[in-house]
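Student: So here's coords_33.txt, just compact mmCIF, C-alpha atoms and all ligand atoms:
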# COMPACT_ATOMS: atom_id res chain seq x y z
CA MET A 205 -52.40 48.17 -14.55
CA THR A 206 -54.61 51.06 -15.60
CA LYS A 207 -53.75 54.52 -14.31
CA LYS A 208 -55.65 55.71 -11.26
CA ARG A 209 -57.56 58.80 -12.29
CA GLU A 210 -56.69 62.11 -10.69
CA PHE A 211 -59.02 64.14 -8.44
CA GLU A 212 -60.21 66.52 -11.20
CA THR A 213 -60.92 63.72 -13.67
CA GLU A 214 -62.76 61.58 -11.15
CA ALA A 215 -65.00 64.56 -10.24
CA ILE A 216 -66.08 64.81 -13.89
CA ARG A 217 -65.92 61.25 -15.17
CA GLN A 218 -67.52 59.35 -12.32
CA GLN A 219 -70.28 56.94 -13.29
CA ILE A 220 -73.70 58.63 -13.22
CA PRO A 221 -77.14 57.04 -12.88
CA ARG A 222 -78.69 56.32 -16.31
CA SER A 223 -82.36 56.81 -17.11
CA GLY A 224 -82.30 54.97 -20.46
CA PHE A 225 -82.37 58.12 -22.63
CA SER A 226 -78.58 58.24 -23.21
CA GLU A 227 -78.30 61.64 -21.54
CA HIS A 228 -74.77 63.03 -21.21
CA THR A 229 -75.40 64.82 -17.93
CA SER A 230 -77.42 63.18 -15.13
CA ALA A 231 -81.18 63.32 -15.21
CA MET A 232 -83.01 64.77 -12.24
CA TYR A 233 -85.06 62.18 -10.36
CA VAL A 234 -87.81 64.36 -8.94
CA THR A 235 -89.87 61.61 -7.40
CA SER A 236 -90.88 60.98 -3.82
CA SER A 237 -91.07 57.20 -4.17
CA PHE A 238 -90.08 54.30 -6.41
CA VAL A 239 -92.08 51.31 -7.68
CA PHE A 240 -91.48 47.57 -7.33
CA ASP A 241 -91.92 44.83 -9.94
CA ASP A 242 -93.85 42.54 -7.61
CA ALA A 243 -94.35 41.60 -3.98
CA GLU A 244 -91.05 39.70 -3.83
CA ASP A 245 -89.10 42.69 -5.25
CA MET A 246 -90.73 44.89 -2.62
CA ARG A 247 -90.01 42.45 0.23
CA ALA A 248 -86.37 42.00 -0.81
CA SER A 249 -85.85 45.78 -1.18
CA PHE A 250 -87.24 46.49 2.29
CA ALA A 251 -85.15 43.63 3.70
CA GLU A 252 -82.09 45.29 2.11
CA GLU A 253 -81.30 42.09 0.24
CA LYS A 254 -80.97 44.27 -2.86
CA GLU A 255 -79.89 47.86 -3.32
CA LYS A 256 -82.97 49.64 -4.53
CA ASN A 257 -84.40 53.09 -3.95
CA ILE A 258 -87.61 52.90 -1.93
CA TYR A 259 -88.52 56.42 -0.89
CA SER A 260 -86.62 59.71 -1.33
CA ARG A 261 -86.42 60.32 2.41
CA PHE A 262 -84.14 57.23 2.48
CA SER A 263 -82.30 57.53 -0.83
CA ASN A 264 -82.59 58.94 -4.34
CA PRO A 265 -80.31 58.46 -7.40
CA ASN A 266 -79.26 62.13 -7.41
CA ASN A 267 -78.33 62.04 -3.73
CA THR A 268 -76.38 58.83 -4.26
CA GLU A 269 -74.48 60.37 -7.19
CA PHE A 270 -73.53 63.44 -5.12
CA VAL A 271 -72.55 61.36 -2.09
CA ASP A 272 -70.47 58.91 -4.14
CA LYS A 273 -68.45 61.81 -5.58
CA ILE A 274 -67.72 63.35 -2.17
CA VAL A 275 -66.86 59.92 -0.75
CA ALA A 276 -64.28 59.43 -3.52
CA MET A 277 -62.87 62.94 -3.09
CA GLU A 278 -62.47 62.60 0.68
CA GLY A 279 -61.06 59.09 0.47
CA ALA A 280 -63.95 57.84 2.63
CA GLU A 281 -65.82 54.52 2.67
CA SER A 282 -69.45 55.78 2.64
CA GLY A 283 -71.56 58.86 3.13
CA TYR A 284 -75.00 60.37 3.44
CA ALA A 285 -76.41 63.70 2.20
CA PHE A 286 -78.52 66.20 4.14
CA ALA A 287 -80.67 69.28 3.54
CA SER A 288 -78.03 71.57 5.08
CA GLY A 289 -74.69 71.54 6.83
CA MET A 290 -76.41 71.82 10.20
CA ALA A 291 -78.65 68.85 9.37
CA ALA A 292 -75.47 66.84 8.67
CA ILE A 293 -73.84 67.96 11.92
CA PHE A 294 -76.94 67.43 14.08
CA SER A 295 -77.69 64.01 12.57
CA THR A 296 -74.08 62.88 13.00
CA PHE A 297 -74.09 63.70 16.72
CA GLY A 298 -77.71 62.54 17.13
CA ALA A 299 -76.99 59.13 15.64
CA LEU A 300 -73.78 58.43 17.55
CA LEU A 301 -74.28 59.93 21.02
CA SER A 302 -76.35 58.88 24.02
CA SER A 303 -77.28 60.62 27.22
CA GLY A 304 -74.20 60.73 29.47
CA ASP A 305 -71.72 61.10 26.60
CA HIS A 306 -69.17 63.88 26.35
CA ILE A 307 -67.91 65.87 23.34
CA LEU A 308 -64.48 67.48 23.35
CA SER A 309 -64.62 70.32 20.86
CA ALA A 310 -62.22 72.95 19.61
CA ARG A 311 -63.30 76.23 21.20
CA SER A 312 -63.91 78.02 17.93
CA VAL A 313 -66.69 76.31 15.97
CA PHE A 314 -69.48 77.47 13.66
CA GLY A 315 -72.13 79.49 15.56
CA SER A 316 -75.03 77.04 15.17
CA THR A 317 -72.79 74.09 16.12
CA HIS A 318 -71.85 76.03 19.24
CA SER A 319 -75.57 76.52 19.98
CA LEU A 320 -76.17 72.76 19.66
CA PHE A 321 -73.44 72.16 22.25
CA THR A 322 -74.52 74.85 24.71
CA LYS A 323 -78.31 75.12 24.34
CA PHE A 324 -79.71 71.81 23.07
CA PHE A 325 -77.40 68.86 23.85
CA PRO A 326 -77.38 69.59 27.62
CA LYS A 327 -81.17 68.95 27.57
CA TRP A 328 -80.38 65.39 26.48
CA GLY A 329 -77.56 64.90 28.95
CA ILE A 330 -74.75 65.38 26.44
CA GLU A 331 -71.94 67.56 27.72
CA THR A 332 -69.32 69.47 25.76
CA SER A 333 -66.02 70.90 26.88
CA TYR A 334 -63.56 72.91 24.84
CA PHE A 335 -59.88 72.86 24.06
CA ASN A 336 -57.86 75.87 22.97
CA ILE A 337 -56.11 75.09 19.76
CA ASN A 338 -52.97 76.96 20.69
CA GLU A 339 -52.60 74.73 23.73
CA ALA A 340 -53.03 71.45 21.90
CA GLU A 341 -50.91 69.74 24.59
CA SER A 342 -53.76 70.19 27.08
CA LEU A 343 -56.14 68.21 24.89
CA GLU A 344 -55.38 64.84 26.48
CA SER A 345 -55.92 66.17 29.99
CA LEU A 346 -59.50 67.09 29.02
CA ILE A 347 -60.43 63.59 27.88
CA ARG A 348 -62.92 61.87 30.20
CA PRO A 349 -63.97 58.22 30.39
CA ASN A 350 -67.25 59.19 28.65
CA THR A 351 -65.65 61.27 25.86
CA LYS A 352 -67.07 59.88 22.62
CA ILE A 353 -66.18 62.49 20.02
CA ILE A 354 -63.36 64.96 19.41
CA TYR A 355 -64.68 67.69 17.13
CA ALA A 356 -62.93 70.49 15.25
CA GLU A 357 -63.00 72.77 12.22
CA THR A 358 -59.82 73.82 10.49
CA PRO A 359 -59.27 76.54 9.34
CA THR A 360 -61.49 78.04 12.04
CA ASN A 361 -64.14 80.66 11.38
CA PRO A 362 -63.45 83.56 11.35
CA GLY A 363 -60.09 83.53 13.16
CA LEU A 364 -58.49 81.23 10.54
CA GLU A 365 -56.48 79.30 13.08
CA ILE A 366 -55.11 75.97 11.94
CA ILE A 367 -55.51 72.82 14.00
CA ASP A 368 -53.00 70.01 13.53
CA LEU A 369 -55.09 67.16 12.11
CA GLU A 370 -52.28 64.64 12.41
CA TYR A 371 -52.00 65.40 16.13
CA LEU A 372 -55.79 65.14 16.64
CA GLY A 373 -55.84 61.87 14.71
CA LYS A 374 -53.14 60.37 16.95
CA ILE A 375 -54.79 61.45 20.20
CA ALA A 376 -58.20 60.17 19.06
CA LYS A 377 -56.81 56.81 18.01
CA LYS A 378 -54.71 56.34 21.16
CA ASN A 379 -57.75 57.01 23.35
CA GLY A 380 -60.34 55.14 21.27
CA ILE A 381 -62.38 58.30 20.59
CA LEU A 382 -64.05 59.22 17.30
CA LEU A 383 -62.55 62.19 15.46
CA VAL A 384 -65.11 64.27 13.53
CA ILE A 385 -63.89 67.17 11.37
CA ASP A 386 -65.97 69.92 9.75
CA ASN A 387 -64.06 70.34 6.47
CA CYS A 388 -66.26 73.11 5.08
CA PHE A 389 -63.61 75.85 4.81
CA ALA A 390 -61.06 73.66 3.03
CA THR A 391 -63.16 71.33 0.82
CA PRO A 392 -61.79 67.88 -0.08
CA TYR A 393 -59.76 69.52 -2.85
CA LEU A 394 -57.52 71.30 -0.32
CA GLN A 395 -57.60 68.96 2.67
CA GLN A 396 -58.60 65.36 3.35
CA PRO A 397 -58.91 64.85 7.12
CA ILE A 398 -59.43 61.07 6.77
CA LYS A 399 -55.78 60.77 5.68
CA PHE A 400 -54.83 62.15 9.11
CA GLY A 401 -57.08 59.81 11.06
CA ALA A 402 -60.54 61.43 11.05
CA ASP A 403 -63.36 58.86 11.35
CA LEU A 404 -65.98 61.20 9.92
CA VAL A 405 -65.92 64.40 7.88
CA VAL A 406 -68.90 66.77 7.75
CA HIS A 407 -69.57 69.52 5.24
CA SER A 408 -71.86 72.40 4.65
CA ALA A 409 -72.22 71.88 0.89
CA THR A 410 -73.90 75.31 0.84
CA LYS A 411 -70.48 76.95 0.80
CA LEU A 412 -67.65 76.15 -1.64
CA ILE A 413 -69.16 72.85 -2.80
CA ASP A 414 -72.11 74.65 -4.42
CA GLY A 415 -69.84 77.66 -4.66
CA GLN A 416 -72.41 79.75 -6.49
CA GLY A 417 -74.72 80.80 -3.67
CA ARG A 418 -77.72 78.82 -4.88
CA VAL A 419 -78.69 75.89 -2.68
CA LEU A 420 -78.34 74.55 0.86
CA GLY A 421 -76.89 71.12 1.41
CA GLY A 422 -74.78 69.02 3.74
CA VAL A 423 -72.98 65.71 3.78
CA THR A 424 -71.22 63.37 6.21
CA VAL A 425 -68.64 60.83 4.99
CA GLY A 426 -66.43 58.31 6.73
CA LYS A 427 -66.41 54.76 8.08
CA THR A 428 -69.17 52.49 6.83
CA ASP A 429 -70.37 51.27 10.25
CA LEU A 430 -70.72 54.86 11.52
CA ILE A 431 -72.42 56.06 8.35
CA ARG A 432 -74.86 53.17 8.69
CA GLU A 433 -75.98 54.50 12.10
CA ILE A 434 -76.20 58.04 10.73
CA TYR A 435 -78.24 56.78 7.77
CA LEU A 436 -80.71 54.93 10.04
CA PHE A 437 -81.10 57.99 12.27
CA SER A 438 -81.67 60.22 9.24
CA ARG A 439 -84.09 57.99 7.38
CA ASN A 440 -86.26 58.04 10.48
CA THR A 441 -85.93 61.74 11.31
CA GLY A 442 -86.12 63.22 7.80
CA PRO A 443 -83.33 65.76 7.16
CA SER A 444 -83.02 64.52 3.55
CA LEU A 445 -81.53 66.56 0.72
CA SER A 446 -83.87 67.33 -2.18
CA PRO A 447 -82.91 65.69 -5.52
CA PHE A 448 -82.84 69.12 -7.16
CA ASN A 449 -80.21 70.33 -4.69
CA SER A 450 -78.12 67.18 -5.03
CA TRP A 451 -78.26 67.48 -8.83
CA ILE A 452 -76.88 71.04 -8.49
CA LEU A 453 -74.25 69.99 -5.94
CA SER A 454 -73.04 67.02 -7.96
CA LYS A 455 -72.63 69.25 -11.02
CA SER A 456 -70.78 71.80 -8.87
CA LEU A 457 -68.22 69.19 -7.82
CA GLU A 458 -67.13 68.91 -11.46
CA THR A 459 -65.75 72.47 -11.25
CA LEU A 460 -64.64 72.41 -7.60
CA SER A 461 -60.91 72.27 -8.33
CA VAL A 462 -60.86 75.10 -10.91
CA ARG A 463 -63.06 77.31 -8.76
CA VAL A 464 -61.11 76.68 -5.56
CA ASP A 465 -57.78 77.21 -7.36
CA ARG A 466 -58.92 80.67 -8.44
CA HIS A 467 -60.50 81.43 -5.03
CA CYS A 468 -57.15 80.63 -3.36
CA GLU A 469 -55.12 82.63 -5.89
CA ASN A 470 -57.35 85.68 -5.33
CA ALA A 471 -57.34 85.25 -1.54
CA LEU A 472 -53.55 85.02 -1.33
CA ALA A 473 -53.14 88.12 -3.51
CA LEU A 474 -55.67 89.97 -1.36
CA ALA A 475 -53.95 88.88 1.87
CA GLU A 476 -50.59 90.07 0.52
CA PHE A 477 -52.09 93.43 -0.46
CA LEU A 478 -53.69 93.86 2.99
CA GLU A 479 -50.53 92.84 4.83
CA GLY A 480 -48.69 95.84 3.47
CA HIS A 481 -51.54 98.32 4.10
CA GLU A 482 -51.00 101.09 6.67
CA LYS A 483 -54.65 101.06 7.84
CA VAL A 484 -54.60 97.33 8.56
CA SER A 485 -53.09 96.15 11.83
CA LYS A 486 -53.24 92.36 11.39
CA VAL A 487 -53.91 89.95 8.51
CA ARG A 488 -54.72 86.27 8.87
CA TYR A 489 -54.44 83.87 5.95
CA PRO A 490 -53.21 80.28 6.35
CA PHE A 491 -50.68 80.51 3.51
CA LEU A 492 -49.07 83.78 4.60
CA LYS A 493 -45.65 83.12 6.14
CA SER A 494 -46.67 85.38 9.03
CA HIS A 495 -49.49 82.98 10.02
CA PRO A 496 -48.66 81.47 13.45
CA GLN A 497 -49.51 77.94 12.24
CA TYR A 498 -48.13 78.35 8.70
CA ASP A 499 -46.10 75.13 8.95
CA ILE A 500 -49.14 73.06 9.90
CA ALA A 501 -51.25 74.73 7.18
CA VAL A 502 -48.70 73.82 4.53
CA LYS A 503 -48.45 70.26 5.87
CA GLN A 504 -52.17 69.50 5.70
CA MET A 505 -53.59 71.87 3.06
CA LYS A 506 -52.87 72.10 -0.67
CA LYS A 507 -53.60 75.85 -0.72
CA GLY A 508 -54.82 78.42 1.79
CA GLY A 509 -58.57 78.59 1.05
CA ASN A 510 -60.71 81.59 0.15
CA ILE A 511 -61.19 83.29 3.51
CA VAL A 512 -59.03 86.22 4.62
CA ALA A 513 -59.42 87.94 7.99
CA PHE A 514 -57.95 91.28 8.93
CA GLU A 515 -58.18 93.98 11.54
CA VAL A 516 -59.21 97.55 10.79
CA LYS A 517 -58.52 100.35 13.25
CA GLY A 518 -61.30 101.98 15.24
CA GLY A 519 -62.89 98.98 16.97
CA LEU A 520 -66.58 98.14 16.50
CA GLN A 521 -67.33 101.49 14.83
CA GLY A 522 -64.27 101.16 12.58
CA GLY A 523 -65.49 97.77 11.38
CA GLN A 524 -68.98 99.07 10.61
CA ASP A 525 -67.62 102.19 8.91
CA PHE A 526 -65.48 99.96 6.68
CA LEU A 527 -68.52 97.89 5.65
CA ASN A 528 -70.47 101.06 4.87
CA ARG A 529 -67.76 102.25 2.47
CA ILE A 530 -67.74 98.97 0.48
CA GLN A 531 -69.14 99.52 -3.02
CA MET A 532 -68.85 96.29 -5.04
CA CYS A 533 -68.48 93.39 -2.58
CA SER A 534 -71.58 91.98 -0.90
CA LEU A 535 -72.56 92.29 2.74
CA SER A 536 -74.03 88.83 3.28
CA ALA A 537 -74.06 85.92 5.72
CA ASN A 538 -72.88 83.33 3.18
CA LEU A 539 -69.33 82.40 2.24
CA GLY A 540 -67.71 80.47 -0.58
CA ASP A 541 -69.74 82.20 -3.30
CA THR A 542 -68.51 83.44 -6.71
CA ARG A 543 -69.15 86.91 -5.27
CA THR A 544 -66.76 88.38 -2.73
CA ILE A 545 -68.50 88.84 0.62
CA VAL A 546 -67.33 90.99 3.52
CA THR A 547 -68.61 90.66 7.07
CA HIS A 548 -67.91 92.20 10.45
CA PRO A 549 -68.23 89.19 12.78
CA ALA A 550 -68.36 91.17 16.06
CA THR A 551 -71.62 92.90 15.02
CA SER A 552 -73.15 90.07 12.97
CA THR A 553 -72.32 86.34 13.01
CA HIS A 554 -70.70 86.46 16.45
CA SER A 555 -72.67 89.30 18.07
CA LYS A 556 -74.36 86.86 20.48
CA LEU A 557 -71.03 86.10 22.14
CA SER A 558 -69.92 88.36 24.98
CA ALA A 559 -66.89 90.60 24.33
CA GLU A 560 -64.86 88.23 26.52
CA GLU A 561 -66.00 85.11 24.63
CA ARG A 562 -65.14 86.83 21.36
CA GLN A 563 -61.68 87.68 22.66
CA ILE A 564 -61.03 84.01 23.52
CA VAL A 565 -61.80 82.87 19.98
CA GLY A 566 -59.83 85.74 18.45
CA ILE A 567 -62.72 87.88 17.20
CA THR A 568 -61.51 91.36 17.91
CA ASP A 569 -63.81 94.39 17.51
CA GLY A 570 -62.29 95.53 14.21
CA LEU A 571 -62.01 92.08 12.61
CA ILE A 572 -63.26 91.85 9.01
CA ARG A 573 -63.84 88.51 7.28
CA VAL A 574 -63.57 88.39 3.51
CA SER A 575 -64.87 85.41 1.55
CA THR A 576 -62.85 86.03 -1.58
CA GLY A 577 -64.87 85.43 -4.74
CA LEU A 578 -64.04 84.85 -8.38
CA GLU A 579 -64.18 88.43 -9.66
CA ASN A 580 -60.98 89.79 -11.20
CA ILE A 581 -58.58 90.31 -8.29
CA SER A 582 -57.83 93.91 -9.33
CA ASP A 583 -61.49 94.83 -8.80
CA ILE A 584 -61.62 93.13 -5.40
CA VAL A 585 -58.46 94.93 -4.29
CA GLU A 586 -59.79 98.22 -5.67
CA ASP A 587 -63.01 97.97 -3.64
CA LEU A 588 -61.28 97.10 -0.36
CA SER A 589 -58.60 99.67 -1.02
CA GLN A 590 -61.07 102.55 -1.48
CA ALA A 591 -62.94 101.44 1.65
CA LEU A 592 -59.69 101.61 3.64
CA ASN A 593 -58.49 104.94 2.22
CA TYR A 594 -60.79 107.38 3.95
C1 LIG A 601 -72.14 77.29 7.05
C2 LIG A 601 -71.41 76.37 7.93
C3 LIG A 601 -72.08 75.31 8.58
C4 LIG A 601 -73.58 75.13 8.48
O1 LIG A 601 -73.99 74.84 7.19
P1 LIG A 601 -75.47 75.19 6.61
O2 LIG A 601 -75.43 74.60 5.27
O3 LIG A 601 -75.61 76.68 6.65
O4 LIG A 601 -76.44 74.52 7.53
C5 LIG A 601 -71.33 74.45 9.35
N1 LIG A 601 -70.00 74.61 9.50
C6 LIG A 601 -69.32 75.60 8.89
C7 LIG A 601 -67.85 75.71 9.10
C8 LIG A 601 -70.00 76.51 8.09
O5 LIG A 601 -69.33 77.52 7.51
Could you take the file, read its structure, and then write that structure out as structure tokens?
Tutor:
Amino acid sequence: MTKKREFETEAIRQQIPRSGFSEHTSAMYVTSSFVFDDAEDMRASFAEEKEKNIYSRFSNPNNTEFVDKIVAMEGAESGYAFASGMAAIFSTFGALLSSGDHILSARSVFGSTHSLFTKFFPKWGIETSYFNINEAESLESLIRPNTKIIYAETPTNPGLEIIDLEYLGKIAKKNGILLVIDNCFATPYLQQPIKFGADLVVHSATKLIDGQGRVLGGVTVGKTDLIREIYLFSRNTGPSLSPFNSWILSKSLETLSVRVDRHCENALALAEFLEGHEKVSKVRYPFLKSHPQYDIAVKQMKKGGNIVAFEVKGGLQGGQDFLNRIQMCSLSANLGDTRTIVTHPATSTHSKLSAEERQIVGITDGLIRVSTGLENISDIVEDLSQALNY
């Protein structure tokens, strides 16, 4: 029996599409459509009697290469790529839900996902209710006869709470409900929700998968019958990923493990530095022993990820003052870049929530989110340190 290749090797050595020029790295297939040999070839391709690219809104060799890699990394059956993380999330719900269906979501989800649930889905008769992750026991009591999807992100943004995937997987299975997990913060290198019973995993590939702040992208992977529905919805609605972006993203996956290893090493060192700092009242990082769900984090994640959250004194003004003293790190909306990024969620990404809503999802006025980059850790610590020592 030949040895099964490890995660890192598979990311680099996976079969790539060949153009006929013996290229070592994949070619870029910048073409909107593909040609057929004759009328029969065309008929059979449209009838899906053969696997052939027809039109890049449906499929493209670069997209297929990127998707196949993520599918292997997540331990999924199939997948489909999208122009952004939100396109992946919207198309997944759009393909699988009908008017009258109900979503049961973790309370703390990405801002635009929250807007889908509260502003747009109600227009189409799709209702969402929320469970608090610290009261996981109440989850089952919130299930209704029309609940179709249980949805969660873990770690959450920006509170970095950890949701027990094994528990969610059991509840979903027992009740015949689909479990969909946004695995953006962890990446398949750190966490594979399908192992714990997720039916589908969605990603914003814009974040750690690209990891270099260049392109937008998204992907959904999981069970073949579900992906088939998502594919049909998408090929008719058009959220397709450009071949240029999938070329970039597929290349990025070759370095995912080394990048994420260093991101996690830097983030843990930063979290440990902050935890001992007199100006910092609270630090959240999944792999700090002080994290309330440390045991679950260690059970389902290989390492703690690149995001660190902490509380500076002085409330809203304290948070803004801290950002104004930052010299090297970037003030930006992205995360998972080579560059360390600091944000103040209460006055930026989560400013549309009321103070009470922010409190419920753990976004206190002085909370700072750091997306730890790949700079030398001593320089990251130096910048945050000087911004705290005023
Ligand atoms: C960024 C993000 C998204 C949305 O992805 P885009 O690529 O920006 O559309 C979804 N979920 C999480 C957790 C994210 O961080």
Student: Using only C-alpha atoms and all ligand atoms, can you tell me which of A:Pro490, A:Pro349, A:Pro392, A:Gly540 comes closest to ligand LIG 601 (chain A)?
Tutor: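 Counting only C-alpha atoms and all ligand atoms, the residue closest to ligand LIG 601 (chain A) is A:Gly540.
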Student: Around ligand LIG 601 (chain A), at most 8 Å away and counting all atoms listed in the file, which residues are there? Put them as a short mmCIF file (atom, residue, chain, number, x, y, z; two decimals) with C-alpha atoms, keeping the file's coordinate frame, please.
Tutor:
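Dumped to pocket17.cif:
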data_model
loop_
_atom_site.label_atom_id
_atom_site.label_comp_id
_atom_site.auth_asym_id
_atom_site.auth_seq_id
_atom_site.Cartn_x
_atom_site.Cartn_y
_atom_site.Cartn_z
CA ALA A 287 -80.67 69.28 3.54
CA SER A 288 -78.03 71.57 5.08
CA GLY A 289 -74.69 71.54 6.83
CA MET A 290 -76.41 71.82 10.20
CA ALA A 291 -78.65 68.85 9.37
CA ALA A 292 -75.47 66.84 8.67
CA ILE A 293 -73.84 67.96 11.92
CA VAL A 313 -66.69 76.31 15.97
CA PHE A 314 -69.48 77.47 13.66
CA SER A 316 -75.03 77.04 15.17
CA THR A 317 -72.79 74.09 16.12
CA GLU A 357 -63.00 72.77 12.22
CA THR A 360 -61.49 78.04 12.04
CA ASN A 361 -64.14 80.66 11.38
CA ASP A 386 -65.97 69.92 9.75
CA ASN A 387 -64.06 70.34 6.47
CA CYS A 388 -66.26 73.11 5.08
CA PHE A 389 -63.61 75.85 4.81
CA HIS A 407 -69.57 69.52 5.24
CA SER A 408 -71.86 72.40 4.65
CA ALA A 409 -72.22 71.88 0.89
CA THR A 410 -73.90 75.31 0.84
CA LYS A 411 -70.48 76.95 0.80
CA LEU A 420 -78.34 74.55 0.86
CA GLY A 421 -76.89 71.12 1.41
CA GLY A 422 -74.78 69.02 3.74
CA ASN A 538 -72.88 83.33 3.18
CA LEU A 539 -69.33 82.40 2.24
#
Student: Using only C-alpha atoms, determine which residues lie at most 7 Å from Ala475 (chain A), disregarding the query and same-chain residues fewer than 2 positions distant; provide the list as number ranges by chain.
Tutor: A: 471-473, 477-479, 487, 489, 512
Student: Could you name the residues that touch Ala356 (chain A) at 8 Å or less, counting all atoms listed in the file, but leaving out those on the same chain fewer than 6 positions away, as a PyMOL selection string?
Tutor: chain A and resi 309-310+313+367+384-386
Student: Go ahead and save the residues from that selection, with C-alpha atoms, as a tab-separated table (two decimals), in the coordinates of the input.
Tutor:
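Below is the file selection_7.tsv, written as the result:
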chain	number	residue	atom	x	y	z
A	309	SER	CA	-64.62	70.32	20.86
A	310	ALA	CA	-62.22	72.95	19.61
A	313	VAL	CA	-66.69	76.31	15.97
A	367	ILE	CA	-55.51	72.82	14.00
A	384	VAL	CA	-65.11	64.27	13.53
A	385	ILE	CA	-63.89	67.17	11.37
A	386	ASP	CA	-65.97	69.92	9.75
Student: What lies within 9 Å of Gln590 (chain A) using only C-alpha atoms, ignoring chain neighbours under 6 positions off, as an MDAnalysis selection string?
Tutor: chainID A and resid 529:531
Student: List every protein, DNA or RNA residue that has an atom no more than 8 Å from (-72.3, 67.6, 16.1) in the file's coordinate frame, counting all atoms listed in the file, and report them as a PyMOL selection string.
Tutor: chain A and resi 293-298+317+320-321+355
Student: I need the residue nearest Met505 (chain A) from this list: A:Gln524, A:Asn440, A:Asn449, A:Thr391. Use only C-alpha atoms for the distance.
Tutor: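 Of all the options, A:Thr391 lies closest to Met505 (chain A).
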Student: Quick one: residues within 12 Å of Ile564 (chain A), only C-alpha atoms counted, chain neighbours fewer than 5 positions away excluded, as a PyMOL selection string?
Tutor: chain A and resi 310-312+334-338+363+557-559
Student: For the selection you just gave me, I'd like the residues written to a file as a PDB file, keeping the file's coordinate frame, keeping C-alpha atoms.
Tutor:
ATOM      1  CA  ALA A 310     -62.220  72.950  19.610  1.00  0.00           C
ATOM      2  CA  ARG A 311     -63.300  76.230  21.200  1.00  0.00           C
ATOM      3  CA  SER A 312     -63.910  78.020  17.930  1.00  0.00           C
ATOM      4  CA  TYR A 334     -63.560  72.910  24.840  1.00  0.00           C
ATOM      5  CA  PHE A 335     -59.880  72.860  24.060  1.00  0.00           C
ATOM      6  CA  ASN A 336     -57.860  75.870  22.970  1.00  0.00           C
ATOM      7  CA  ILE A 337     -56.110  75.090  19.760  1.00  0.00           C
ATOM      8  CA  ASN A 338     -52.970  76.960  20.690  1.00  0.00           C
ATOM      9  CA  GLY A 363     -60.090  83.530  13.160  1.00  0.00           C
ATOM     10  CA  LEU A 557     -71.030  86.100  22.140  1.00  0.00           C
ATOM     11  CA  SER A 558     -69.920  88.360  24.980  1.00  0.00           C
ATOM     12  CA  ALA A 559     -66.890  90.600  24.330  1.00  0.00           C
TER      13      ALA A 559
END
Student: Find the residues with any atom within 9 Å of (-59.0, 59.6, 12.6); use all atoms listed in the file and the coordinates as given in the file, and write the answer as number ranges by chain.
Tutor: A: 369-370, 372-377, 381-384, 397-404
Student: Of the candidates A:Thr441, A:Cys533, A:Ile347, A:Ala299, which one gets nearest to Leu588 (chain A) if we count all atoms listed in the file?
Tutor: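 Distance minimum relative to Leu588 (chain A) lands on A:Cys533.
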Student: Given the choices A:Lys556, A:Asp245, A:Pro447, A:Thr576, which gets closest to Phe262 (chain A) if the distance is worked out from all atoms listed in the file?
Tutor: A:Pro447
Student: Would you mind listing, for every residue of region 230-276 of chain A within 12 Å of region 452-459 of chain A, the two atoms forming the shortest contact and the distance between them in Å to one decimal, using only C-alpha atoms, sorted by chain and ascending residue number, as a Markdown table?
Tutor:
| residue | atom | partner | partner_atom | distance |
| --- | --- | --- | --- | --- |
| A:Ser230 | CA | A:Lys455 | CA | 8.8 |
| A:Ala231 | CA | A:Ile452 | CA | 11.1 |
| A:Met232 | CA | A:Ile452 | CA | 9.5 |
| A:Pro265 | CA | A:Ser454 | CA | 11.2 |
| A:Asn266 | CA | A:Ser454 | CA | 7.9 |
| A:Asn267 | CA | A:Ser454 | CA | 8.4 |
| A:Thr268 | CA | A:Ser454 | CA | 9.6 |
| A:Glu269 | CA | A:Ser454 | CA | 6.8 |
| A:Phe270 | CA | A:Ser454 | CA | 4.6 |
| A:Val271 | CA | A:Ser454 | CA | 8.2 |
| A:Asp272 | CA | A:Ser454 | CA | 9.3 |
| A:Lys273 | CA | A:Ser454 | CA | 7.3 |
| A:Ile274 | CA | A:Leu457 | CA | 8.1 |
| A:Val275 | CA | A:Leu457 | CA | 11.7 |
| A:Ala276 | CA | A:Leu457 | CA | 11.4 |
Student: Separation of CA of Ser345 (chain A) and CA of Ile366 (chain A), in Å?
Tutor: 20.6 Å
Student: Quick one: residues within 12 Å of Asp525 (chain A), only C-alpha atoms, excluding same-chain residues fewer than 5 positions away - as a PyMOL selection string?
Tutor: chain A and resi 516-520+530+547-548+551+570+572+591-594
Student: With all atoms listed in the file as the atoms that count, which of A:Lys507, A:Lys208, A:His467, A:Lys483 lies nearest to Thr544 (chain A)?
Tutor: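 Among the listed residues, A:His467 lies closest to Thr544 (chain A).
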Student: How many Å separate CA of Arg463 (chain A) from CA of Thr213 (chain A)?
Tutor: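 About the pair CA of Arg463 (chain A) and CA of Thr213 (chain A): they are 14.6 Å apart.
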Student: Just how far from CA of Gly508 (chain A) is CA of Gly577 (chain A), in Å to one decimal?
Tutor: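 Separation of CA of Gly577 (chain A) and CA of Gly508 (chain A): 13.9 Å.
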Student: Give the answer as one residue: which of A:Glu560, A:Arg573, A:Ile353, A:Glu210 has the shortest atom-to-atom distance to Ile330 (chain A), using only C-alpha atoms?
Tutor: A:Ile353
